[in-house]
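The next block is final_39.tsv, given as TSV, C-alpha atoms and all ligand atoms.
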```tsv
chain	number	residue	atom	x	y	z
A	1	MET	CA	-1.09	-17.28	-3.21
A	2	THR	CA	-0.50	-14.22	-5.36
A	3	ALA	CA	1.45	-15.12	-8.51
A	4	GLU	CA	4.72	-13.41	-9.40
A	5	LEU	CA	4.75	-10.88	-12.23
A	6	ASN	CA	7.82	-11.88	-14.22
A	7	SER	CA	9.51	-11.08	-17.53
A	8	GLU	CA	7.23	-13.42	-19.48
A	9	ILE	CA	4.70	-10.60	-19.56
A	10	LEU	CA	7.03	-8.59	-21.81
A	11	HIS	CA	7.15	-11.35	-24.43
A	12	GLU	CA	3.40	-11.70	-24.22
A	13	VAL	CA	2.69	-8.00	-24.69
A	14	PHE	CA	5.42	-6.54	-26.91
A	15	GLN	CA	4.65	-7.02	-30.56
A	16	LYS	CA	6.62	-6.26	-33.67
A	17	ARG	CA	5.22	-3.26	-35.52
A	18	ALA	CA	3.83	-3.94	-38.98
A	19	VAL	CA	5.74	-1.96	-41.59
A	20	ASN	CA	2.71	-0.26	-43.11
A	21	THR	CA	1.42	1.33	-39.89
A	22	HIS	CA	1.43	4.97	-38.78
A	23	LYS	CA	1.24	6.97	-35.56
A	24	GLY	CA	-2.56	6.72	-35.47
A	25	ASP	CA	-2.17	2.99	-34.83
A	26	TYR	CA	-0.24	3.47	-31.60
A	27	GLY	CA	-2.62	5.44	-29.44
A	28	ARG	CA	-3.80	8.99	-29.06
A	29	VAL	CA	-2.93	9.63	-25.44
A	30	LEU	CA	-4.22	12.61	-23.47
A	31	LEU	CA	-2.48	13.42	-20.18
A	32	ILE	CA	-4.27	15.79	-17.80
A	33	GLY	CA	-2.41	17.23	-14.83
A	34	GLY	CA	0.25	19.63	-13.63
A	35	ASN	CA	-0.97	22.73	-11.81
A	36	LYS	CA	1.21	25.80	-11.33
A	37	TYR	CA	3.25	24.11	-8.59
A	38	LEU	CA	3.39	20.47	-9.69
A	39	GLY	CA	4.13	20.83	-13.39
A	40	GLY	CA	7.05	18.39	-13.19
A	41	ALA	CA	4.66	15.49	-12.58
A	42	ILE	CA	2.85	15.88	-15.89
A	43	LEU	CA	6.13	16.61	-17.71
A	44	MET	CA	7.49	13.30	-16.45
A	45	ALA	CA	4.29	11.48	-17.43
A	46	ALA	CA	4.54	13.06	-20.89
A	47	SER	CA	8.11	11.96	-21.54
A	48	ALA	CA	7.24	8.46	-20.29
A	49	SER	CA	4.31	8.27	-22.70
A	50	VAL	CA	6.40	9.47	-25.65
A	51	ASP	CA	9.33	7.20	-24.76
A	52	SER	CA	6.96	4.24	-24.39
A	53	GLY	CA	6.01	4.68	-28.03
A	54	ALA	CA	2.57	6.28	-27.87
A	55	GLY	CA	1.61	7.42	-31.36
A	56	LEU	CA	0.45	10.88	-30.27
A	57	THR	CA	0.79	12.43	-26.83
A	58	THR	CA	-1.14	15.55	-25.86
A	59	VAL	CA	-0.93	17.27	-22.49
A	60	ALA	CA	-3.70	19.36	-20.92
A	61	THR	CA	-2.07	21.41	-18.18
A	62	ASP	CA	-1.80	24.78	-16.51
A	63	ALA	CA	-0.63	27.32	-19.10
A	64	THR	CA	2.61	27.92	-17.17
A	65	ASN	CA	3.77	24.37	-17.96
A	66	ILE	CA	3.39	24.49	-21.73
A	67	GLY	CA	6.69	26.26	-22.49
A	68	PRO	CA	8.72	23.93	-20.24
A	69	LEU	CA	6.94	20.91	-21.73
A	70	HIS	CA	7.77	21.94	-25.29
A	71	ALA	CA	11.37	22.66	-24.35
A	72	ARG	CA	11.73	19.26	-22.73
A	73	THR	CA	9.54	17.00	-24.84
A	74	PRO	CA	8.85	18.63	-28.22
A	75	GLU	CA	7.18	15.43	-29.41
A	76	ALA	CA	4.22	16.17	-27.09
A	77	MET	CA	1.41	18.58	-28.01
A	78	ALA	CA	-0.19	20.79	-25.39
A	79	ILE	CA	-3.36	22.67	-24.54
A	80	ASP	CA	-4.23	25.02	-21.70
A	81	TRP	CA	-6.50	22.98	-19.42
A	82	ALA	CA	-8.68	26.04	-18.82
A	83	ASP	CA	-9.56	26.15	-22.53
A	84	THR	CA	-12.86	24.25	-22.35
A	85	VAL	CA	-13.33	24.02	-26.13
A	86	ALA	CA	-9.86	22.56	-26.77
A	87	LEU	CA	-10.25	20.22	-23.81
A	88	ALA	CA	-13.63	18.91	-25.00
A	89	GLU	CA	-12.12	18.26	-28.44
A	90	GLN	CA	-9.15	16.36	-27.00
A	91	LEU	CA	-11.36	14.40	-24.59
A	92	GLU	CA	-13.46	13.26	-27.50
A	93	LYS	CA	-10.69	12.16	-29.83
A	94	SER	CA	-8.29	10.43	-27.43
A	95	ASP	CA	-8.00	6.66	-27.06
A	96	VAL	CA	-6.38	6.82	-23.63
A	97	ILE	CA	-6.81	9.49	-20.97
A	98	LEU	CA	-4.54	9.77	-17.95
A	99	VAL	CA	-5.77	12.14	-15.26
A	100	GLY	CA	-4.12	13.20	-12.03
A	101	PRO	CA	-0.32	13.58	-11.93
A	102	GLY	CA	0.43	16.90	-10.26
A	103	MET	CA	-3.16	18.02	-10.75
A	104	GLY	CA	-3.63	19.35	-7.22
A	105	THR	CA	-6.92	19.16	-5.40
A	106	ASP	CA	-8.35	22.69	-5.57
A	107	GLU	CA	-11.87	23.51	-6.79
A	108	PHE	CA	-10.72	23.94	-10.41
A	109	ALA	CA	-9.10	20.49	-10.32
A	110	VAL	CA	-12.26	18.91	-8.83
A	111	GLN	CA	-14.41	20.38	-11.62
A	112	LEU	CA	-11.93	19.28	-14.28
A	113	LEU	CA	-11.87	15.76	-12.87
A	114	LYS	CA	-15.68	15.65	-12.94
A	115	THR	CA	-15.63	16.77	-16.58
A	116	VAL	CA	-13.32	13.85	-17.36
A	117	LEU	CA	-15.27	11.27	-15.35
A	118	PHE	CA	-18.58	12.28	-16.96
A	119	GLY	CA	-17.06	12.75	-20.42
A	120	VAL	CA	-15.23	9.48	-21.04
A	121	THR	CA	-16.86	6.87	-23.25
A	122	ALA	CA	-16.88	3.10	-23.64
A	123	LYS	CA	-14.32	3.31	-26.47
A	124	GLN	CA	-11.70	4.91	-24.26
A	125	ILE	CA	-9.37	3.77	-21.50
A	126	LEU	CA	-9.03	5.91	-18.39
A	127	VAL	CA	-5.96	5.90	-16.13
A	128	VAL	CA	-6.44	7.61	-12.75
A	129	ASP	CA	-3.37	8.57	-10.70
A	130	GLY	CA	-2.07	10.91	-7.99
A	131	SER	CA	-4.23	13.91	-7.08
A	132	ALA	CA	-7.17	12.52	-9.05
A	133	ILE	CA	-7.30	9.52	-6.71
A	134	THR	CA	-7.18	11.79	-3.67
A	135	MET	CA	-10.04	13.88	-5.07
A	136	MET	CA	-12.11	10.77	-5.87
A	137	ALA	CA	-11.80	9.83	-2.20
A	138	GLU	CA	-12.32	13.31	-0.75
A	139	HIS	CA	-15.37	14.07	-2.89
A	140	ASN	CA	-16.82	10.59	-3.01
A	141	LEU	CA	-16.66	10.45	-6.80
A	142	SER	CA	-17.34	7.21	-8.68
A	143	PHE	CA	-15.20	5.62	-11.36
A	144	PRO	CA	-17.12	5.60	-14.66
A	145	LEU	CA	-19.20	2.48	-15.26
A	146	ASN	CA	-18.74	2.05	-18.99
A	147	THR	CA	-15.09	2.96	-19.44
A	148	PHE	CA	-12.20	0.59	-18.85
A	149	THR	CA	-10.48	2.11	-15.84
A	150	ILE	CA	-6.97	1.64	-14.45
A	151	ALA	CA	-6.20	3.16	-11.03
A	152	THR	CA	-2.63	3.54	-9.78
A	153	PRO	CA	-2.67	4.52	-6.08
A	154	HIS	CA	0.29	4.29	-3.74
A	155	GLN	CA	-0.58	2.88	-0.34
A	156	GLY	CA	-1.53	6.27	1.12
A	157	GLU	CA	-3.85	7.02	-1.78
A	158	TRP	CA	-5.32	3.52	-1.61
A	159	GLU	CA	-6.14	3.98	2.07
A	160	ARG	CA	-8.00	7.19	1.23
A	161	LEU	CA	-9.90	5.52	-1.59
A	162	SER	CA	-10.75	2.22	0.06
A	163	ASN	CA	-11.29	3.65	3.54
A	164	VAL	CA	-9.44	0.71	5.03
A	165	MET	CA	-5.97	0.97	6.53
A	166	ILE	CA	-3.32	-0.91	4.55
A	167	LYS	CA	-2.18	-2.86	7.59
A	168	TYR	CA	-5.62	-4.48	7.78
A	169	GLN	CA	-5.60	-5.32	4.06
A	170	GLU	CA	-2.04	-6.59	3.63
A	171	ASP	CA	-2.68	-10.12	4.80
A	172	ILE	CA	-6.04	-10.52	3.09
A	173	PRO	CA	-5.70	-10.16	-0.70
A	174	GLU	CA	-9.41	-10.97	-1.06
A	175	MET	CA	-10.20	-7.74	0.75
A	176	THR	CA	-8.30	-5.66	-1.80
A	177	GLU	CA	-10.04	-7.53	-4.62
A	178	LEU	CA	-13.43	-6.82	-3.07
A	179	GLN	CA	-12.59	-3.14	-2.77
A	180	ARG	CA	-11.46	-3.08	-6.41
A	181	GLN	CA	-14.78	-4.52	-7.51
A	182	ASN	CA	-16.82	-2.23	-5.26
A	183	LEU	CA	-15.01	0.82	-6.62
A	184	ASN	CA	-15.51	-0.37	-10.21
A	185	ILE	CA	-11.81	-0.33	-11.06
A	186	ASP	CA	-10.81	-2.69	-13.90
A	187	VAL	CA	-7.11	-2.77	-13.11
A	188	LEU	CA	-5.79	-1.76	-9.71
A	189	VAL	CA	-2.06	-1.04	-9.55
A	190	LEU	CA	-1.33	-0.88	-5.83
A	191	LYS	CA	2.13	0.74	-5.74
A	192	LYS	CA	4.64	-0.09	-3.05
A	193	TYR	CA	7.66	-2.30	-2.49
A	194	HIS	CA	6.32	-5.36	-4.35
A	195	THR	CA	3.58	-3.56	-6.26
A	196	GLN	CA	0.43	-5.59	-6.90
A	197	VAL	CA	-1.61	-5.56	-10.09
A	198	ILE	CA	-5.16	-6.80	-9.62
A	199	SER	CA	-7.73	-7.32	-12.34
A	200	ASN	CA	-10.73	-9.59	-12.77
A	201	ASP	CA	-8.72	-12.51	-14.14
A	202	ARG	CA	-5.58	-12.37	-12.05
A	203	HIS	CA	-3.73	-10.92	-9.08
A	204	VAL	CA	0.02	-10.61	-9.58
A	205	GLU	CA	2.85	-9.20	-7.52
A	206	LEU	CA	6.05	-7.52	-8.70
A	207	ARG	CA	9.15	-8.88	-7.03
A	208	ILE	CA	11.76	-6.66	-8.67
A	209	GLY	CA	12.59	-3.00	-8.03
A	210	GLY	CA	13.74	-1.39	-4.81
A	211	PRO	CA	14.35	1.72	-2.74
A	212	PHE	CA	16.40	3.34	-5.53
A	213	GLN	CA	12.91	4.09	-6.92
A	214	ALA	CA	11.77	5.94	-3.81
A	215	THR	CA	11.95	9.41	-5.34
A	216	GLY	CA	9.28	11.93	-6.37
A	217	GLY	CA	8.06	11.43	-9.92
A	218	MET	CA	8.61	7.68	-10.10
A	219	GLY	CA	4.84	7.06	-10.01
A	220	ASP	CA	4.12	9.89	-12.45
A	221	THR	CA	6.52	8.16	-14.83
A	222	LEU	CA	4.79	4.80	-14.35
A	223	ALA	CA	1.42	6.42	-15.06
A	224	GLY	CA	2.76	7.84	-18.34
A	225	MET	CA	4.20	4.44	-19.25
A	226	ILE	CA	0.89	2.70	-18.57
A	227	ALA	CA	-0.90	5.23	-20.77
A	228	GLY	CA	1.68	4.74	-23.54
A	229	PHE	CA	1.54	0.95	-23.27
A	230	VAL	CA	-2.25	0.57	-23.26
A	231	GLY	CA	-2.40	2.99	-26.19
A	232	GLN	CA	-0.28	0.77	-28.42
A	233	PHE	CA	-0.49	-2.81	-27.16
A	234	PRO	CA	-3.69	-4.88	-27.12
A	235	GLU	CA	-5.38	-6.10	-23.92
A	236	PRO	CA	-5.11	-3.34	-21.30
A	237	ARG	CA	-4.76	-5.70	-18.32
A	238	ARG	CA	-1.67	-7.31	-19.75
A	239	ALA	CA	-0.31	-4.03	-21.14
A	240	THR	CA	-0.57	-2.51	-17.64
A	241	GLU	CA	1.28	-5.47	-16.14
A	242	ALA	CA	4.01	-5.10	-18.78
A	243	ALA	CA	4.39	-1.39	-17.97
A	244	VAL	CA	4.65	-2.12	-14.24
A	245	TYR	CA	7.27	-4.80	-14.87
A	246	ALA	CA	9.29	-2.76	-17.41
A	247	HIS	CA	9.30	0.34	-15.16
A	248	SER	CA	11.01	-1.53	-12.31
A	249	ALA	CA	13.19	-3.70	-14.56
A	250	ILE	CA	14.69	-0.58	-16.14
A	251	ALA	CA	15.15	1.07	-12.72
A	252	GLU	CA	16.84	-2.06	-11.40
A	253	GLN	CA	19.25	-2.20	-14.35
A	254	LEU	CA	20.16	1.46	-13.85
A	255	ALA	CA	20.53	1.01	-10.08
A	256	GLY	CA	23.60	-1.12	-10.77
A	257	HIS	CA	25.52	2.13	-11.23
A	258	ASN	CA	23.18	4.76	-9.77
A	259	TRP	CA	22.45	5.30	-6.07
A	260	VAL	CA	19.03	6.70	-6.87
A	261	VAL	CA	17.41	6.30	-10.27
A	262	LYS	CA	15.86	9.52	-11.52
A	263	PRO	CA	12.41	9.00	-13.06
A	264	SER	CA	13.42	10.85	-16.26
A	265	PHE	CA	16.39	8.53	-16.54
A	266	VAL	CA	14.01	5.54	-16.46
A	267	SER	CA	11.97	7.08	-19.28
A	268	SER	CA	14.99	7.70	-21.47
A	269	PHE	CA	15.80	3.97	-21.37
A	270	ILE	CA	12.31	2.69	-22.29
A	271	PRO	CA	12.92	2.58	-26.07
A	272	ASN	CA	16.19	0.75	-25.54
A	273	PHE	CA	14.58	-1.70	-23.10
A	274	ILE	CA	11.68	-2.57	-25.41
A	275	ALA	CA	14.06	-3.03	-28.35
A	276	SER	CA	16.24	-5.38	-26.30
A	277	ILE	CA	13.22	-7.61	-25.62
A	278	GLN	CA	11.95	-7.27	-29.20
A	279	THR	CA	15.16	-8.62	-30.70
A	280	ASN	CA	14.55	-11.82	-28.76
A	281	LEU	CA	11.03	-12.28	-30.11
B	1	LIG	N1	7.79	16.98	-9.37
B	1	LIG	C1	6.46	16.99	-9.19
B	1	LIG	O1	5.73	17.80	-9.74
B	1	LIG	C2	5.86	15.97	-8.30
B	1	LIG	C3	4.48	15.94	-8.13
B	1	LIG	N2	3.85	14.97	-7.44
B	1	LIG	C4	2.38	15.00	-7.39
B	1	LIG	O2	2.00	15.47	-6.14
B	1	LIG	C5	0.67	15.08	-5.85
B	1	LIG	C6	0.63	14.49	-4.45
B	1	LIG	O3	1.22	13.19	-4.44
B	1	LIG	P1	2.12	12.65	-3.24
B	1	LIG	O4	2.19	11.20	-3.40
B	1	LIG	O5	3.43	13.38	-3.26
B	1	LIG	O6	1.38	13.12	-1.91
B	1	LIG	P2	0.11	12.53	-1.12
B	1	LIG	O7	-1.06	12.31	-2.01
B	1	LIG	O8	-0.16	13.44	0.03
B	1	LIG	O9	0.62	11.13	-0.57
B	1	LIG	C7	1.62	11.04	0.39
B	1	LIG	C8	1.01	10.52	1.69
B	1	LIG	O10	0.71	9.13	1.52
B	1	LIG	C9	1.43	8.37	2.47
B	1	LIG	N3	1.92	7.08	1.94
B	1	LIG	C10	1.67	5.85	2.50
B	1	LIG	N4	2.22	4.89	1.78
B	1	LIG	C11	2.87	5.49	0.75
B	1	LIG	C12	3.62	4.97	-0.32
B	1	LIG	N5	3.82	3.65	-0.51
B	1	LIG	N6	4.16	5.85	-1.20
B	1	LIG	C13	3.97	7.18	-1.04
B	1	LIG	N7	3.24	7.73	-0.03
B	1	LIG	C14	2.69	6.87	0.87
B	1	LIG	C15	2.57	9.28	2.89
B	1	LIG	O11	2.98	8.85	4.14
B	1	LIG	P3	4.35	9.36	4.84
B	1	LIG	O12	5.26	9.87	3.75
B	1	LIG	O13	3.90	10.41	5.73
B	1	LIG	O14	4.87	8.14	5.49
B	1	LIG	C16	1.93	10.65	2.84
B	1	LIG	O15	1.17	10.89	4.02
B	1	LIG	C17	0.29	14.06	-6.93
B	1	LIG	O16	-0.54	14.70	-7.88
B	1	LIG	C18	1.62	13.71	-7.56
B	1	LIG	O17	1.45	13.33	-8.90
B	1	LIG	C19	4.60	13.92	-6.79
B	1	LIG	O18	4.58	12.86	-7.71
B	1	LIG	C20	6.03	14.32	-6.47
B	1	LIG	C21	6.73	14.95	-7.63
B	2	LIG	N1	11.14	0.80	-1.88
B	2	LIG	C1	10.60	0.64	-3.09
B	2	LIG	N2	10.71	-0.52	-3.76
B	2	LIG	C2	10.19	-0.69	-4.96
B	2	LIG	N3	9.48	0.26	-5.61
B	2	LIG	C3	9.32	1.44	-5.00
B	2	LIG	C4	9.85	1.71	-3.73
B	2	LIG	N4	9.51	2.98	-3.39
B	2	LIG	C5	8.81	3.48	-4.40
B	2	LIG	N5	8.69	2.56	-5.38
B	2	LIG	C6	7.94	2.70	-6.65
B	2	LIG	O1	8.01	4.05	-7.10
B	2	LIG	C7	6.73	4.51	-7.52
B	2	LIG	C8	6.27	5.62	-6.59
B	2	LIG	O2	4.99	6.07	-6.96
B	2	LIG	P1	4.34	7.36	-6.29
B	2	LIG	O3	4.41	7.25	-4.82
B	2	LIG	O4	3.03	7.58	-6.92
B	2	LIG	O5	5.38	8.50	-6.76
B	2	LIG	P2	5.16	9.97	-7.31
B	2	LIG	O6	3.73	10.35	-7.10
B	2	LIG	O7	6.11	10.81	-6.52
B	2	LIG	O8	5.52	9.97	-8.75
B	2	LIG	C9	5.82	3.28	-7.49
B	2	LIG	O9	5.86	2.60	-8.72
B	2	LIG	C10	6.46	2.43	-6.38
B	2	LIG	O10	6.17	1.07	-6.50
B	3	MG	MG	2.00	9.35	-7.34
```
Rewrite the coordinates I just gave you, this time as structure tokens.
Amino acid sequence: MTAELNSEILHEVFQKRAVNTHKGDYGRVLLIGGNKYLGGAILMAASASVDSGAGLTTVATDATNIGPLHARTPEAMAIDWADTVALAEQLEKSDVILVGPGMGTDEFAVQLLKTVLFGVTAKQILVVDGSAITMMAEHNLSFPLNTFTIATPHQGEWERLSNVMIKYQEDIPEMTELQRQNLNIDVLVLKKYHTQVISNDRHVELRIGGPFQATGGMGDTLAGMIAGFVGQFPEPRRATEAAVYAHSAIAEQLAGHNWVVKPSFVSSFIPNFIASIQTNL
């Protein structure tokens, strides 16, 4: 049976920060996404990364999103994703790269995704979400072999990627695991009511959270949290599990007095949530 992902993961992953550290010790995170129409997705991922505690967050996005990003999250840096020189420089120096939120699936986005997939190295961690997953499926692209890769599809995206309808996979966890291996995904975050996190050493299921999270941008926020967590905490499998748990734990707390929990509201409570666990360490 699939084990439950519970709050123990937070105590396992969250670590006190040594006093003599600096921002370079907490992850250089590059977030790639947000076309002219879906800029909000990458803005939400950016605030989630910053609020998670990533040391440095940089966003590569359509030029139209840069002003709004700076107005909303001045802590994040930005480049125009059409600037190939700046993009190559950021791709090289980042520890964690998230690609996909609000990226769209046009020809420019396909080429940009290919640049990322071919450009990432063994020293980096790649998080693939949203439109990037859809493009991987539509264009039969492979996840990179030598880079630790985290994929965060919702059920619709997972069906596209795995080519098997969810209803045939639901009762056979081994089937999902086989697909994960075949696709060369190191951590699969299969998002739904009771999200599953599947990696080579364990398969866990989230049993918190609820329909108050069923609102656009909730997954973009989770993707930014995962990027921020794997950038600063060791062991990316466990850090991903902690992000998945914290994301829904915060939403559940806020749902006590909110009918729907806005994704940006979740982000704004991440520092408070981590501190509340930290004080118990
Ligand atoms: N503010 C912004 O900028 C926002 C930008 N966004 C960005 O938009 C891009 C497209 O992402 P997307 O998820 O919105 O659309 P898409 O890839 O077509 O998938 C939907 C299809 O899958 C199906 N489906 C089945 N199970 C499902 C499940 N558990 N959860 C969800 N869907 C499920 C679903 O079925 P149906 O609803 O018909 O039942 C439907 O057929 C992506 O880059 C994202 O980052 C959004 O985040 C919104 C806010
Ligand atoms: N009914 C629900 N119960 C628990 N979690 C949910 C529910 N509906 C959505 N979520 C969570 O919200 C997030 C939605 O992700 P996604 O569909 O990618 O959103 P978006 O792309 O709009 O940001 C996932 O983490 C998912 O598990
Ligand atoms: Mg999504």
Counting only C-alpha atoms, what is within 6 Å of stretch 192-209 of chain A, bar same-chain residues fewer than 4 positions away, as an MDAnalysis selection string? chainID A and resid 2:5 186:188 248 252
Point-to-point distance from atom N1 of ligand LIG 2 (chain B) to atom CA of A:Met218, Å rounded to tenths: 11.0 Å
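Each of A:Lys262, A:Lys93, A:Arg17, A:Lys23 was checked against ligand LIG 1 (chain B) using all atoms listed in the file; the smallest atom-to-atom distance is that of A:Lys262.
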Ligand LIG 1 (chain B): which residues are within 10 Å, counting only C-alpha atoms and all ligand atoms? Reply as an MDAnalysis selection string. chainID A and resid 33:45 99:105 129:135 153:160 165:166 190:193 195 214:221 223 263
Just write the chosen residues, C-alpha atoms, as a PDB file, in the coordinates of the input.
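Output saved as selection_34.pdb:
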```
ATOM      1  CA  GLY A  33      -2.410  17.230 -14.830  1.00  0.00           C
ATOM      2  CA  GLY A  34       0.250  19.630 -13.630  1.00  0.00           C
ATOM      3  CA  ASN A  35      -0.970  22.730 -11.810  1.00  0.00           C
ATOM      4  CA  LYS A  36       1.210  25.800 -11.330  1.00  0.00           C
ATOM      5  CA  TYR A  37       3.250  24.110  -8.590  1.00  0.00           C
ATOM      6  CA  LEU A  38       3.390  20.470  -9.690  1.00  0.00           C
ATOM      7  CA  GLY A  39       4.130  20.830 -13.390  1.00  0.00           C
ATOM      8  CA  GLY A  40       7.050  18.390 -13.190  1.00  0.00           C
ATOM      9  CA  ALA A  41       4.660  15.490 -12.580  1.00  0.00           C
ATOM     10  CA  ILE A  42       2.850  15.880 -15.890  1.00  0.00           C
ATOM     11  CA  LEU A  43       6.130  16.610 -17.710  1.00  0.00           C
ATOM     12  CA  MET A  44       7.490  13.300 -16.450  1.00  0.00           C
ATOM     13  CA  ALA A  45       4.290  11.480 -17.430  1.00  0.00           C
ATOM     14  CA  VAL A  99      -5.770  12.140 -15.260  1.00  0.00           C
ATOM     15  CA  GLY A 100      -4.120  13.200 -12.030  1.00  0.00           C
ATOM     16  CA  PRO A 101      -0.320  13.580 -11.930  1.00  0.00           C
ATOM     17  CA  GLY A 102       0.430  16.900 -10.260  1.00  0.00           C
ATOM     18  CA  MET A 103      -3.160  18.020 -10.750  1.00  0.00           C
ATOM     19  CA  GLY A 104      -3.630  19.350  -7.220  1.00  0.00           C
ATOM     20  CA  THR A 105      -6.920  19.160  -5.400  1.00  0.00           C
ATOM     21  CA  ASP A 129      -3.370   8.570 -10.700  1.00  0.00           C
ATOM     22  CA  GLY A 130      -2.070  10.910  -7.990  1.00  0.00           C
ATOM     23  CA  SER A 131      -4.230  13.910  -7.080  1.00  0.00           C
ATOM     24  CA  ALA A 132      -7.170  12.520  -9.050  1.00  0.00           C
ATOM     25  CA  ILE A 133      -7.300   9.520  -6.710  1.00  0.00           C
ATOM     26  CA  THR A 134      -7.180  11.790  -3.670  1.00  0.00           C
ATOM     27  CA  MET A 135     -10.040  13.880  -5.070  1.00  0.00           C
ATOM     28  CA  PRO A 153      -2.670   4.520  -6.080  1.00  0.00           C
ATOM     29  CA  HIS A 154       0.290   4.290  -3.740  1.00  0.00           C
ATOM     30  CA  GLN A 155      -0.580   2.880  -0.340  1.00  0.00           C
ATOM     31  CA  GLY A 156      -1.530   6.270   1.120  1.00  0.00           C
ATOM     32  CA  GLU A 157      -3.850   7.020  -1.780  1.00  0.00           C
ATOM     33  CA  TRP A 158      -5.320   3.520  -1.610  1.00  0.00           C
ATOM     34  CA  GLU A 159      -6.140   3.980   2.070  1.00  0.00           C
ATOM     35  CA  ARG A 160      -8.000   7.190   1.230  1.00  0.00           C
ATOM     36  CA  MET A 165      -5.970   0.970   6.530  1.00  0.00           C
ATOM     37  CA  ILE A 166      -3.320  -0.910   4.550  1.00  0.00           C
ATOM     38  CA  LEU A 190      -1.330  -0.880  -5.830  1.00  0.00           C
ATOM     39  CA  LYS A 191       2.130   0.740  -5.740  1.00  0.00           C
ATOM     40  CA  LYS A 192       4.640  -0.090  -3.050  1.00  0.00           C
ATOM     41  CA  TYR A 193       7.660  -2.300  -2.490  1.00  0.00           C
ATOM     42  CA  THR A 195       3.580  -3.560  -6.260  1.00  0.00           C
ATOM     43  CA  ALA A 214      11.770   5.940  -3.810  1.00  0.00           C
ATOM     44  CA  THR A 215      11.950   9.410  -5.340  1.00  0.00           C
ATOM     45  CA  GLY A 216       9.280  11.930  -6.370  1.00  0.00           C
ATOM     46  CA  GLY A 217       8.060  11.430  -9.920  1.00  0.00           C
ATOM     47  CA  MET A 218       8.610   7.680 -10.100  1.00  0.00           C
ATOM     48  CA  GLY A 219       4.840   7.060 -10.010  1.00  0.00           C
ATOM     49  CA  ASP A 220       4.120   9.890 -12.450  1.00  0.00           C
ATOM     50  CA  THR A 221       6.520   8.160 -14.830  1.00  0.00           C
ATOM     51  CA  ALA A 223       1.420   6.420 -15.060  1.00  0.00           C
ATOM     52  CA  PRO A 263      12.410   9.000 -13.060  1.00  0.00           C
TER      53      PRO A 263
END
```
If you count all atoms listed in the file, which residues fall within 8 Å of A:Gly55, apart from same-chain ones fewer than 5 positions away, as a VMD selection string? chain A and resid 22 to 29 50 231 to 232
Go through A:Thr176, A:Thr121, A:Asn184, A:Ser49 and flag the residue nearest A:Leu141, using all atoms listed in the file for the distances.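 Looking only at the distances to A:Leu141, the closest residue turns out to be A:Asn184.
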Between atom CA of A:Thr57 and atom CA of A:Phe229, distance in Å (one decimal): 12.0 Å
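For the residues A:Thr152, A:Asn258, A:Gln90, A:Asn140, ranking by smallest atom-to-atom distance to ligand LIG 2 (chain B) using all atoms listed in the file places A:Thr152 first.
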